[in-house]
$ cat model24.cif   # mmCIF, C-alpha atoms
data_input
loop_
_atom_site.group_PDB
_atom_site.id
_atom_site.type_symbol
_atom_site.label_atom_id
_atom_site.label_comp_id
_atom_site.auth_asym_id
_atom_site.auth_seq_id
_atom_site.Cartn_x
_atom_site.Cartn_y
_atom_site.Cartn_z
ATOM 1 C CA MET A 1 0.000 0.000 0.000
ATOM 2 C CA LEU A 2 1.213 3.474 -0.824
ATOM 3 C CA SER A 3 1.858 5.664 2.176
ATOM 4 C CA ARG A 4 3.017 9.252 2.318
ATOM 5 C CA ALA A 5 3.806 12.060 4.703
ATOM 6 C CA PHE A 6 2.257 14.981 2.884
ATOM 7 C CA THR A 7 2.155 17.787 5.379
ATOM 8 C CA LYS A 8 4.648 20.246 6.748
ATOM 9 C CA PRO A 9 4.693 21.838 10.195
ATOM 10 C CA LYS A 10 2.389 24.796 10.495
ATOM 11 C CA ARG A 11 4.200 28.098 10.266
ATOM 12 C CA SER A 12 3.622 31.806 9.890
ATOM 13 C CA PHE A 13 2.552 33.363 6.648
ATOM 14 C CA LYS A 14 4.319 36.679 7.101
ATOM 15 C CA GLU A 15 4.762 37.559 3.470
ATOM 16 C CA TYR A 16 1.147 38.639 3.100
ATOM 17 C CA GLY A 17 1.064 42.183 1.761
ATOM 18 C CA GLU A 18 -0.466 45.020 3.743
ATOM 19 C CA ASN A 19 -2.577 45.934 0.739
ATOM 20 C CA SER A 20 -4.059 42.450 0.481
ATOM 21 C CA ARG A 21 -7.787 42.164 1.022
ATOM 22 C CA SER A 22 -7.058 39.127 3.146
ATOM 23 C CA GLY A 23 -4.547 40.900 5.366
ATOM 24 C CA SER A 24 -1.884 39.011 7.316
ATOM 25 C CA ILE A 25 -2.973 35.504 8.173
ATOM 26 C CA SER A 26 -0.408 35.028 10.909
ATOM 27 C CA GLU A 27 -1.475 38.336 12.457
ATOM 28 C CA TYR A 28 -5.096 37.276 12.250
ATOM 29 C CA ASP A 29 -4.326 33.993 14.049
ATOM 30 C CA ASP A 30 -2.637 35.887 16.874
ATOM 31 C CA CYS A 31 -5.706 38.068 17.347
ATOM 32 C CA ILE A 32 -8.390 35.388 17.111
ATOM 33 C CA VAL A 33 -8.717 35.015 20.908
ATOM 34 C CA GLY A 34 -9.871 38.636 20.938
ATOM 35 C CA PHE A 35 -13.005 37.887 18.920
ATOM 36 C CA ILE A 36 -16.179 38.779 20.819
ATOM 37 C CA ASP A 37 -18.439 36.852 18.486
ATOM 38 C CA ASP A 38 -17.428 33.862 16.410
ATOM 39 C CA LEU A 39 -18.185 33.887 12.698
ATOM 40 C CA PRO A 40 -20.117 31.003 11.120
ATOM 41 C CA LEU A 41 -18.907 29.617 7.798
ATOM 42 C CA ILE A 42 -21.470 29.506 5.013
ATOM 43 C CA PRO A 43 -22.193 25.918 3.868
ATOM 44 C CA CYS A 44 -22.474 25.124 0.164
ATOM 45 C CA GLU A 45 -25.729 23.424 -0.827
ATOM 46 C CA ASN A 46 -26.043 21.848 2.638
ATOM 47 C CA ASN A 47 -23.071 19.709 1.689
ATOM 48 C CA GLY A 48 -20.793 20.662 4.558
ATOM 49 C CA PRO A 49 -20.877 20.464 8.344
ATOM 50 C CA SER A 50 -21.777 23.452 10.520
ATOM 51 C CA LEU A 51 -18.440 25.198 11.022
ATOM 52 C CA SER A 52 -17.176 28.375 12.619
ATOM 53 C CA LEU A 53 -14.090 30.444 11.972
ATOM 54 C CA LYS A 54 -12.647 29.720 15.404
ATOM 55 C CA GLU A 55 -13.055 25.989 14.940
ATOM 56 C CA VAL A 56 -11.312 25.748 11.578
ATOM 57 C CA LEU A 57 -8.432 28.015 12.608
ATOM 58 C CA ARG A 58 -7.880 26.330 15.973
ATOM 59 C CA THR A 59 -8.031 22.824 14.483
ATOM 60 C CA SER A 60 -5.633 23.557 11.635
ATOM 61 C CA VAL A 61 -2.766 21.130 12.268
ATOM 62 C CA SER A 62 -0.372 21.524 9.355
ATOM 63 C CA VAL A 63 0.436 23.393 6.167
ATOM 64 C CA MET A 64 -0.080 21.222 3.098
ATOM 65 C CA GLY A 65 1.146 23.772 0.609
ATOM 66 C CA GLU A 66 1.412 27.434 -0.254
ATOM 67 C CA ASN A 67 1.745 29.526 -3.362
ATOM 68 C CA ALA A 68 1.366 33.108 -4.504
ATOM 69 C CA ARG A 69 -2.422 32.833 -4.329
ATOM 70 C CA GLY A 70 -2.790 31.399 -0.819
ATOM 71 C CA LEU A 71 -2.155 28.846 1.870
ATOM 72 C CA THR A 72 -3.598 25.315 2.085
ATOM 73 C CA GLU A 73 -3.947 23.645 5.491
ATOM 74 C CA LYS A 74 -5.107 20.341 6.931
ATOM 75 C CA VAL A 75 -7.905 20.746 9.466
ATOM 76 C CA VAL A 76 -8.992 18.075 11.979
ATOM 77 C CA LEU A 77 -12.437 18.991 13.310
ATOM 78 C CA SER A 78 -13.723 18.097 16.775
ATOM 79 C CA ASN A 79 -15.678 15.154 15.341
ATOM 80 C CA ALA A 80 -12.427 13.826 13.781
ATOM 81 C CA ARG A 81 -13.533 14.819 10.294
ATOM 82 C CA LEU A 82 -10.670 15.961 8.061
ATOM 83 C CA CYS A 83 -10.984 18.983 5.804
ATOM 84 C CA THR A 84 -8.780 21.154 3.655
ATOM 85 C CA LEU A 85 -8.709 24.896 4.312
ATOM 86 C CA LYS A 86 -7.682 27.315 1.569
ATOM 87 C CA ARG A 87 -6.896 30.855 2.783
ATOM 88 C CA PHE A 88 -6.465 33.455 0.065
ATOM 89 C CA ARG A 89 -3.839 36.176 0.014
ATOM 90 C CA LYS A 90 -5.647 38.782 -2.066
ATOM 91 C CA VAL A 91 -9.288 38.354 -3.039
ATOM 92 C CA ILE A 92 -10.173 40.306 -6.190
ATOM 93 C CA VAL A 93 -13.963 40.544 -5.752
ATOM 94 C CA ARG A 94 -16.226 42.045 -3.117
ATOM 95 C CA LYS A 95 -18.098 40.055 -0.472
ATOM 96 C CA SER A 96 -21.360 39.454 -2.321
ATOM 97 C CA GLU A 97 -19.569 38.547 -5.544
ATOM 98 C CA PHE A 98 -17.152 36.243 -3.691
ATOM 99 C CA GLY A 99 -20.056 34.324 -2.158
ATOM 100 C CA ARG A 100 -21.923 34.113 -5.440
ATOM 101 C CA ARG A 101 -18.858 32.803 -7.267
ATOM 102 C CA VAL A 102 -17.932 30.220 -4.627
ATOM 103 C CA GLU A 103 -21.491 28.892 -4.512
ATOM 104 C CA LYS A 104 -21.579 28.603 -8.298
ATOM 105 C CA LEU A 105 -18.216 26.813 -8.349
ATOM 106 C CA ALA A 106 -19.392 24.515 -5.547
ATOM 107 C CA GLN A 107 -22.491 23.632 -7.535
ATOM 108 C CA VAL A 108 -20.306 22.439 -10.408
ATOM 109 C CA CYS A 109 -17.757 20.650 -8.205
ATOM 110 C CA ASN A 110 -20.356 18.861 -6.139
ATOM 111 C CA ASN A 111 -21.930 17.404 -9.279
ATOM 112 C CA CYS A 112 -18.769 15.827 -10.695
ATOM 113 C CA ASP A 113 -16.953 12.742 -9.399
ATOM 114 C CA TYR A 114 -13.650 14.120 -10.669
ATOM 115 C CA LEU A 115 -13.650 17.522 -8.952
ATOM 116 C CA VAL A 116 -12.910 18.207 -5.276
ATOM 117 C CA PRO A 117 -16.177 19.172 -3.513
ATOM 118 C CA ILE A 118 -16.384 22.596 -1.845
ATOM 119 C CA THR A 119 -18.171 22.417 1.505
ATOM 120 C CA ALA A 120 -18.097 25.942 2.991
ATOM 121 C CA TYR A 121 -16.615 29.419 2.699
ATOM 122 C CA LEU A 122 -16.193 32.705 4.547
ATOM 123 C CA TYR A 123 -15.557 36.310 3.554
ATOM 124 C CA ALA A 124 -14.645 38.362 6.625
ATOM 125 C CA LYS A 125 -12.830 41.667 7.013
ATOM 126 C CA ARG A 126 -9.422 40.137 7.648
ATOM 127 C CA ILE A 127 -9.727 36.658 6.161
ATOM 128 C CA LYS A 128 -11.253 34.930 3.145
ATOM 129 C CA LEU A 129 -11.315 31.150 2.914
ATOM 130 C CA VAL A 130 -12.821 28.072 1.309
ATOM 131 C CA VAL A 131 -13.208 24.628 2.927
ATOM 132 C CA SER A 132 -13.141 21.470 0.817
ATOM 133 C CA ASP A 133 -12.748 17.709 1.194
ATOM 134 C CA TYR A 134 -9.429 16.258 2.392
ATOM 135 C CA TYR A 135 -7.560 13.440 0.584
ATOM 136 C CA PRO A 136 -5.098 11.478 2.744
ATOM 137 C CA MET A 137 -3.149 10.223 -0.288
ATOM 138 C CA GLY A 138 -2.192 13.824 -0.992
ATOM 139 C CA SER A 139 -1.625 15.311 -4.414
ATOM 140 C CA LEU A 140 -0.159 13.897 -7.605
ATOM 141 C CA ALA A 141 2.887 16.116 -7.022
ATOM 142 C CA ASP A 142 3.374 14.435 -3.628
ATOM 143 C CA LEU A 143 3.178 10.929 -5.104
ATOM 144 C CA LEU A 144 5.536 11.661 -7.984
ATOM 145 C CA SER A 145 8.043 13.398 -5.711
ATOM 146 C CA GLY A 146 7.888 10.557 -3.179
ATOM 147 C CA GLY A 147 8.523 7.961 -5.888
ATOM 148 C CA ARG A 148 11.573 9.871 -7.076
ATOM 149 C CA ARG A 149 12.924 9.940 -3.520
ATOM 150 C CA GLY A 150 12.811 6.157 -3.272
ATOM 151 C CA GLN A 151 9.300 5.612 -1.939
ATOM 152 C CA THR A 152 6.812 3.352 -3.710
ATOM 153 C CA ALA A 153 6.444 4.777 -7.204
ATOM 154 C CA LEU A 154 3.227 4.746 -9.208
ATOM 155 C CA ASN A 155 3.138 1.964 -11.801
ATOM 156 C CA TRP A 156 1.811 2.519 -15.308
ATOM 157 C CA ASN A 157 -1.707 1.207 -14.630
ATOM 158 C CA GLU A 158 -2.046 3.567 -11.651
ATOM 159 C CA ARG A 159 -0.840 6.483 -13.773
ATOM 160 C CA VAL A 160 -3.394 5.616 -16.457
ATOM 161 C CA ILE A 161 -6.234 5.755 -13.903
ATOM 162 C CA ILE A 162 -5.079 9.201 -12.772
ATOM 163 C CA ILE A 163 -4.634 10.481 -16.338
ATOM 164 C CA GLU A 164 -8.147 9.430 -17.340
ATOM 165 C CA SER A 165 -9.632 10.969 -14.177
ATOM 166 C CA ILE A 166 -7.941 14.315 -14.848
ATOM 167 C CA ALA A 167 -9.112 14.333 -18.459
ATOM 168 C CA ARG A 168 -12.701 13.648 -17.350
ATOM 169 C CA ALA A 169 -12.524 16.485 -14.814
ATOM 170 C CA ILE A 170 -11.308 18.974 -17.419
ATOM 171 C CA SER A 171 -13.876 17.727 -19.939
ATOM 172 C CA PHE A 172 -16.657 18.317 -17.400
ATOM 173 C CA ILE A 173 -15.443 21.876 -16.801
ATOM 174 C CA HIS A 174 -14.961 22.703 -20.483
ATOM 175 C CA GLY A 175 -18.479 21.439 -21.195
ATOM 176 C CA GLN A 176 -20.152 23.859 -18.794
ATOM 177 C CA SER A 177 -23.078 25.831 -20.165
ATOM 178 C CA PRO A 178 -23.583 28.719 -20.049
ATOM 179 C CA GLU A 179 -19.879 29.341 -20.567
ATOM 180 C CA THR A 180 -19.928 32.629 -18.671
ATOM 181 C CA VAL A 181 -22.038 33.666 -15.680
ATOM 182 C CA LYS A 182 -21.873 37.351 -14.729
ATOM 183 C CA ASN A 183 -18.276 37.902 -15.870
ATOM 184 C CA MET A 184 -17.045 34.544 -14.477
ATOM 185 C CA LYS A 185 -15.798 31.924 -16.928
ATOM 186 C CA MET A 186 -17.430 28.646 -15.921
ATOM 187 C CA ASN A 187 -15.819 26.553 -18.672
ATOM 188 C CA VAL A 188 -12.178 27.154 -17.689
ATOM 189 C CA HIS A 189 -10.241 25.772 -14.712
ATOM 190 C CA GLY A 190 -7.413 28.304 -14.737
ATOM 191 C CA ASN A 191 -4.813 26.555 -12.569
ATOM 192 C CA ILE A 192 -4.234 22.933 -13.611
ATOM 193 C CA LYS A 193 -1.026 21.499 -12.176
ATOM 194 C CA SER A 194 0.116 18.348 -10.385
ATOM 195 C CA SER A 195 -0.221 19.896 -6.911
ATOM 196 C CA ASN A 196 -3.909 20.616 -7.634
ATOM 197 C CA ILE A 197 -4.662 16.984 -8.504
ATOM 198 C CA MET A 198 -5.774 15.108 -5.393
ATOM 199 C CA ILE A 199 -5.586 11.327 -5.216
ATOM 200 C CA ASN A 200 -8.182 8.941 -3.784
ATOM 201 C CA ILE A 201 -7.342 5.673 -2.049
ATOM 202 C CA ASP A 202 -8.347 3.787 -5.220
ATOM 203 C CA LEU A 203 -5.916 5.991 -7.225
ATOM 204 C CA THR A 204 -8.663 7.848 -9.053
ATOM 205 C CA ALA A 205 -8.023 11.587 -9.087
ATOM 206 C CA ARG A 206 -9.986 14.758 -8.363
ATOM 207 C CA LEU A 207 -9.039 18.182 -9.645
ATOM 208 C CA SER A 208 -8.992 20.946 -7.021
ATOM 209 C CA ASP A 209 -8.963 24.760 -7.118
ATOM 210 C CA TYR A 210 -11.465 24.998 -9.984
ATOM 211 C CA GLY A 211 -12.186 28.662 -10.586
ATOM 212 C CA PHE A 212 -10.015 29.923 -7.729
ATOM 213 C CA ALA A 213 -8.002 32.017 -10.203
ATOM 214 C CA GLN A 214 -11.195 34.078 -10.571
ATOM 215 C CA LEU A 215 -11.485 34.582 -6.807
ATOM 216 C CA ALA A 216 -7.997 35.673 -5.767
ATOM 217 C CA ASP A 217 -4.918 37.273 -7.251
ATOM 218 C CA CYS A 218 -1.294 36.316 -6.699
ATOM 219 C CA VAL A 219 0.821 38.248 -4.187
ATOM 220 C CA GLU A 220 4.574 37.977 -4.621
ATOM 221 C CA ASP A 221 7.756 39.582 -3.417
ATOM 222 C CA CYS A 222 10.888 39.916 -5.546
ATOM 223 C CA ASP A 223 12.227 36.482 -4.556
ATOM 224 C CA THR A 224 9.033 34.589 -5.311
ATOM 225 C CA LYS A 225 8.598 36.449 -8.611
ATOM 226 C CA GLU A 226 12.092 35.420 -9.692
ATOM 227 C CA LYS A 227 11.494 31.827 -8.604
ATOM 228 C CA ARG A 228 8.205 31.607 -10.487
ATOM 229 C CA ALA A 229 9.754 33.129 -13.601
ATOM 230 C CA THR A 230 12.514 30.507 -13.478
ATOM 231 C CA HIS A 231 10.617 27.378 -12.382
ATOM 232 C CA ASN A 232 6.984 27.828 -13.355
ATOM 233 C CA ILE A 233 6.205 25.482 -16.244
ATOM 234 C CA TYR A 234 2.470 26.114 -16.398
ATOM 235 C CA CYS A 235 0.536 28.597 -18.496
ATOM 236 C CA GLU A 236 -1.508 31.005 -16.379
ATOM 237 C CA ASN A 237 -3.812 32.442 -19.039
ATOM 238 C CA LEU A 238 -7.492 31.958 -18.292
ATOM 239 C CA SER A 239 -8.486 29.925 -21.360
ATOM 240 C CA GLN A 240 -9.301 26.385 -22.405
ATOM 241 C CA LYS A 241 -6.169 26.208 -24.560
ATOM 242 C CA SER A 242 -4.084 27.048 -21.482
ATOM 243 C CA ASP A 243 -5.882 24.312 -19.528
ATOM 244 C CA VAL A 244 -4.962 21.857 -22.298
ATOM 245 C CA PHE A 245 -1.338 23.034 -22.267
ATOM 246 C CA ASN A 246 -1.130 22.518 -18.517
ATOM 247 C CA PHE A 247 -2.685 19.061 -18.825
ATOM 248 C CA GLY A 248 0.050 18.242 -21.333
ATOM 249 C CA MET A 249 2.724 19.380 -18.882
ATOM 250 C CA VAL A 250 1.175 17.178 -16.194
ATOM 251 C CA LEU A 251 1.356 14.236 -18.614
ATOM 252 C CA LEU A 252 5.042 14.885 -19.345
ATOM 253 C CA ASP A 253 5.747 15.058 -15.623
ATOM 254 C CA MET A 254 3.965 11.720 -15.121
ATOM 255 C CA LEU A 255 5.780 10.097 -18.040
ATOM 256 C CA ALA A 256 9.321 11.292 -17.522
ATOM 257 C CA GLY A 257 9.521 13.864 -14.765
ATOM 258 C CA VAL A 258 9.772 16.716 -17.275
ATOM 259 C CA GLN A 259 9.588 19.921 -15.250
ATOM 260 C CA ASP A 260 11.523 22.324 -17.437
ATOM 261 C CA LEU A 261 10.174 24.013 -20.556
ATOM 262 C CA SER A 262 13.661 24.131 -22.049
ATOM 263 C CA TYR A 263 13.451 20.372 -22.676
ATOM 264 C CA MET A 264 10.362 20.652 -24.878
ATOM 265 C CA ASP A 265 12.123 21.274 -28.202
ATOM 266 C CA CYS A 266 14.556 18.462 -27.456
ATOM 267 C CA ILE A 267 11.719 15.996 -26.766
ATOM 268 C CA VAL A 268 10.004 16.919 -30.038
ATOM 269 C CA LYS A 269 13.234 16.462 -32.012
ATOM 270 C CA LEU A 270 13.993 13.110 -30.374
ATOM 271 C CA GLU A 271 10.431 11.743 -30.429
ATOM 272 C CA GLU A 272 11.199 9.098 -33.056
ATOM 273 C CA SER A 273 14.328 7.941 -31.191
ATOM 274 C CA ILE A 274 12.247 7.700 -28.011
ATOM 275 C CA LYS A 275 9.656 5.588 -29.829
ATOM 276 C CA GLN A 276 12.366 3.275 -31.158
ATOM 277 C CA GLY A 277 13.791 2.865 -27.674
ATOM 278 C CA ASP A 278 17.147 4.324 -28.656
ATOM 279 C CA ILE A 279 16.945 6.958 -25.931
ATOM 280 C CA PRO A 280 15.798 6.268 -22.343
ATOM 281 C CA PHE A 281 12.879 8.579 -21.595
ATOM 282 C CA PHE A 282 10.254 7.106 -19.275
ATOM 283 C CA GLU A 283 10.983 7.155 -15.545
ATOM 284 C CA PHE A 284 9.391 3.747 -14.887
ATOM 285 C CA HIS A 285 9.856 0.266 -16.345
ATOM 286 C CA MET A 286 7.344 -1.090 -18.850
ATOM 287 C CA LYS A 287 7.154 -3.099 -22.049
ATOM 288 C CA GLY A 288 4.733 -4.442 -24.620
ATOM 289 C CA LYS A 289 1.198 -3.060 -24.373
ATOM 290 C CA GLU A 290 2.106 -0.631 -21.591
ATOM 291 C CA ARG A 291 4.903 0.906 -23.630
ATOM 292 C CA LYS A 292 2.587 1.372 -26.631
ATOM 293 C CA GLN A 293 0.094 3.131 -24.385
ATOM 294 C CA ALA A 294 2.780 5.373 -22.890
ATOM 295 C CA LEU A 295 4.059 6.345 -26.338
ATOM 296 C CA LYS A 296 0.534 7.302 -27.385
ATOM 297 C CA VAL A 297 0.126 9.387 -24.241
ATOM 298 C CA LEU A 298 3.444 11.069 -25.108
ATOM 299 C CA GLU A 299 1.998 12.006 -28.505
ATOM 300 C CA ILE A 300 -1.033 13.507 -26.784
ATOM 301 C CA ALA A 301 1.186 15.419 -24.343
ATOM 302 C CA LEU A 302 3.266 16.921 -27.152
ATOM 303 C CA ALA A 303 0.124 17.942 -29.034
ATOM 304 C CA CYS A 304 -1.237 19.600 -25.882
ATOM 305 C CA THR A 305 1.961 21.582 -25.329
ATOM 306 C CA SER A 306 2.266 22.908 -28.867
ATOM 307 C CA SER A 307 3.597 26.468 -28.912
ATOM 308 C CA LEU A 308 0.658 27.381 -31.163
ATOM 309 C CA PRO A 309 -2.518 27.398 -29.038
ATOM 310 C CA GLU A 310 -4.788 26.975 -32.062
ATOM 311 C CA THR A 311 -3.174 23.612 -32.898
ATOM 312 C CA ARG A 312 -3.754 22.115 -29.456
ATOM 313 C CA PRO A 313 -6.546 19.509 -29.374
ATOM 314 C CA SER A 314 -9.725 20.037 -27.389
ATOM 315 C CA ILE A 315 -10.050 18.144 -24.121
ATOM 316 C CA HIS A 316 -13.009 16.272 -25.596
ATOM 317 C CA GLN A 317 -10.808 14.966 -28.434
ATOM 318 C CA ILE A 318 -8.103 14.085 -25.922
ATOM 319 C CA LEU A 319 -10.556 12.153 -23.750
ATOM 320 C CA PHE A 320 -11.891 10.324 -26.827
ATOM 321 C CA ASP A 321 -8.337 9.330 -27.832
ATOM 322 C CA LEU A 322 -7.481 8.178 -24.305
ATOM 323 C CA THR A 323 -10.666 6.145 -23.965
ATOM 324 C CA HIS A 324 -10.139 4.549 -27.391
ATOM 325 C CA LEU A 325 -6.502 3.818 -26.543
ATOM 326 C CA LEU A 326 -7.357 2.050 -23.310
ATOM 327 C CA LYS A 327 -10.175 0.018 -24.865
ATOM 328 C CA THR A 328 -8.161 -1.158 -27.870
ATOM 329 C CA SER A 329 -5.111 -2.012 -25.751
ATOM 330 C CA LYS A 330 -6.961 -4.397 -23.403
#
$ encode --input "model24.cif" --output "structure tokens"
Amino acid sequence: MLSRAFTKPKRSFKEYGENSRSGSISEYDDCIVGFIDDLPLIPCENNGPSLSLKEVLRTSVSVMGENARGLTEKVVLSNARLCTLKRFRKVIVRKSEFGRRVEKLAQVCNNCDYLVPITAYLYAKRIKLVVSDYYPMGSLADLLSGGRRGQTALNWNERVIIIESIARAISFIHGQSPETVKNMKMNVHGNIKSSNIMINIDLTARLSDYGFAQLADCVEDCDTKEKRATHNIYCENLSQKSDVFNFGMVLLDMLAGVQDLSYMDCIVKLEESIKQGDIPFFEFHMKGKERKQALKVLEIALACTSSLPETRPSIHQILFDLTHLLKTSK
């Protein structure tokens, strides 16, 4: 059985900017005991438990991840239920619009088996947050990183299950109608990457952070800006073609650990040599049917990451190709 340690010790979040709508999270935590009245979180479609701000902040036990948009924490509630808490750095919409958008996103997420359900949210003066389901297996980024450090690595069949799940999640999002609801794009995810792909015990995957790019902006200092400019491999444009590009980068990471855009031209040039087996490419052992499947997925990944957005396939075509590939290879 795969096992992972996915969380890091809880720590301050001091780099929050003074001009952020969310304010300083660490400062807010220090002041919470001074609240006269607790604030109830707003449940989404009666899907979540009755929660309060004090409860989720006091029961936050570890930081699962952080980025320029916010902080993600593991929360253990008093009834032993586990949740994930996302606290935003800088919300870009006002209170009523924030609530309307979260509830609309929750409606979509809670009707798809491949998206992480949203259970509750809060927009307060000093803090804005969203609560969603927790996945003890962690993210795809966690699993891939753990395998590269010598822990149990995902085999090809497990990777195929995850790939198909992600494609179905994106297809569900891209098929949303109406496409736009009051200036919010409903048919675009906006932030697909391996750390936003959560893994179930059965190795199926759920895509998280759907629409969050339309709730909060990124807040960065000079160091984080330089790091993102150097290491960020994902496209951040809010479009379906960018979603497809990012899906392709996830595929390349799953196939060969490709995490550098500078390798892309080299992979394209050496594609035939990779297919012939003249050049080692895949980071896991396979042969026969599995290798044929992996080579086809590589073709899909390269098509997704084309430098010309108009030549990238739609997610519906990608899902059709993947489904056909898996059926004909059995």
$ atom_distance --input "model24.cif" --atom1 "atom CA of A:Ser132" --atom2 "atom CA of A:Thr119"
5.2 Å
$ residues_around --input "model24.cif" --residues "A:Asn200" --least-positions-apart "5" --cutoff "7 Å" --atoms "all atoms listed in the file" --output "list in words"
Tyr135, Met137 and Ala205 of chain A
$ resolve_selection --input "model24.cif" --expression "the PyMOL selection byres ((chain A and resi 56) around 9)" --output "list in words"
Leu51, Ser52, Leu53, Lys54, Glu55, Leu57, Arg58, Thr59, Ser60, Val75, Val76, Leu77, Cys83, Leu85 and Val131 of chain A
$ residues_around --input "model24.cif" --residues "A:Gln107" --least-positions-apart "6" --cutoff "10 Å" --atoms "all atoms listed in the file" --output "VMD selection string"
chain A and resid 44 to 45 101 117 to 118
$ closest_residue --input "model24.cif" --among "A:Arg94, A:Asn79, A:Met254, A:Asn237" --to "A:Gly147" --atoms "all atoms listed in the file"
A:Met254
$ resolve_selection --input "model24.cif" --expression "the PyMOL selection byres ((chain A and resi 201) around 12)" --output "list in words"
Met1, Leu2, Ser3, Arg4, Tyr134, Tyr135, Pro136, Met137, Gly138, Ser139, Glu158, Ile161, Ile162, Met198, Ile199, Asn200, Asp202, Leu203, Thr204, Ala205 and Arg206 of chain A
$ atom_distance --input "model24.cif" --atom1 "atom CA of A:Asn246" --atom2 "atom CA of A:Val268"
17.0 Å
$ atom_distance --input "model24.cif" --atom1 "atom CA of A:Val61" --atom2 "atom CA of A:Arg126"
20.7 Å
$ resolve_selection --input "model24.cif" --expression "the PyMOL selection byres ((chain A and resi 188-193) around 7)" --output "list in words"
Ile173, His174, Lys185, Met186, Asn187, Ser194, Ser195, Asn196, Ile197, Tyr210, Gly211, Ala213, Glu236, Asn237, Leu238, Ser239, Gln240, Asp243, Asn246, Phe247 and Val250 of chain A
$ residues_around --input "model24.cif" --residues "A:Leu319" --least-positions-apart "5" --cutoff "9 Å" --atoms "all atoms listed in the file" --output "PDB file with C-alpha atoms, in the frame of the given file"
ATOM      1  CA  GLU A 164      -8.147   9.430 -17.340  1.00  0.00           C
ATOM      2  CA  ALA A 167      -9.112  14.333 -18.459  1.00  0.00           C
ATOM      3  CA  ARG A 168     -12.701  13.648 -17.350  1.00  0.00           C
ATOM      4  CA  SER A 171     -13.876  17.727 -19.939  1.00  0.00           C
ATOM      5  CA  SER A 314      -9.725  20.037 -27.389  1.00  0.00           C
ATOM      6  CA  HIS A 324     -10.139   4.549 -27.391  1.00  0.00           C
TER       7      HIS A 324
END
$ closest_residue --input "model24.cif" --among "A:Ser242, A:Gln293, A:Ser307, A:Ser177" --to "A:Thr323" --atoms "only C-alpha atoms"
A:Gln293
$ closest_residue --input "model24.cif" --among "A:Arg87, A:Lys74, A:Leu41, A:Leu295" --to "A:Gly99" --atoms "all atoms listed in the file"
A:Leu41
$ axis_aligned_box --input "model24.cif" --around "stretch 243-261 of chain A" --padding-each-side "6 Å" --output "lines of an AutoDock Vina configuration file"
center_x = 2.8
center_y = 17.2
center_z = -18.5
size_x = 29.4
size_y = 26.2
size_z = 19.5
$ residues_around --input "model24.cif" --residues "A:Ile318" --least-positions-apart "2" --cutoff "12 Å" --atoms "only C-alpha atoms" --output "ChimeraX atom specification"
/A:163-164,166-168,170-171,244-245,247-248,251,296-304,312-316,320-325
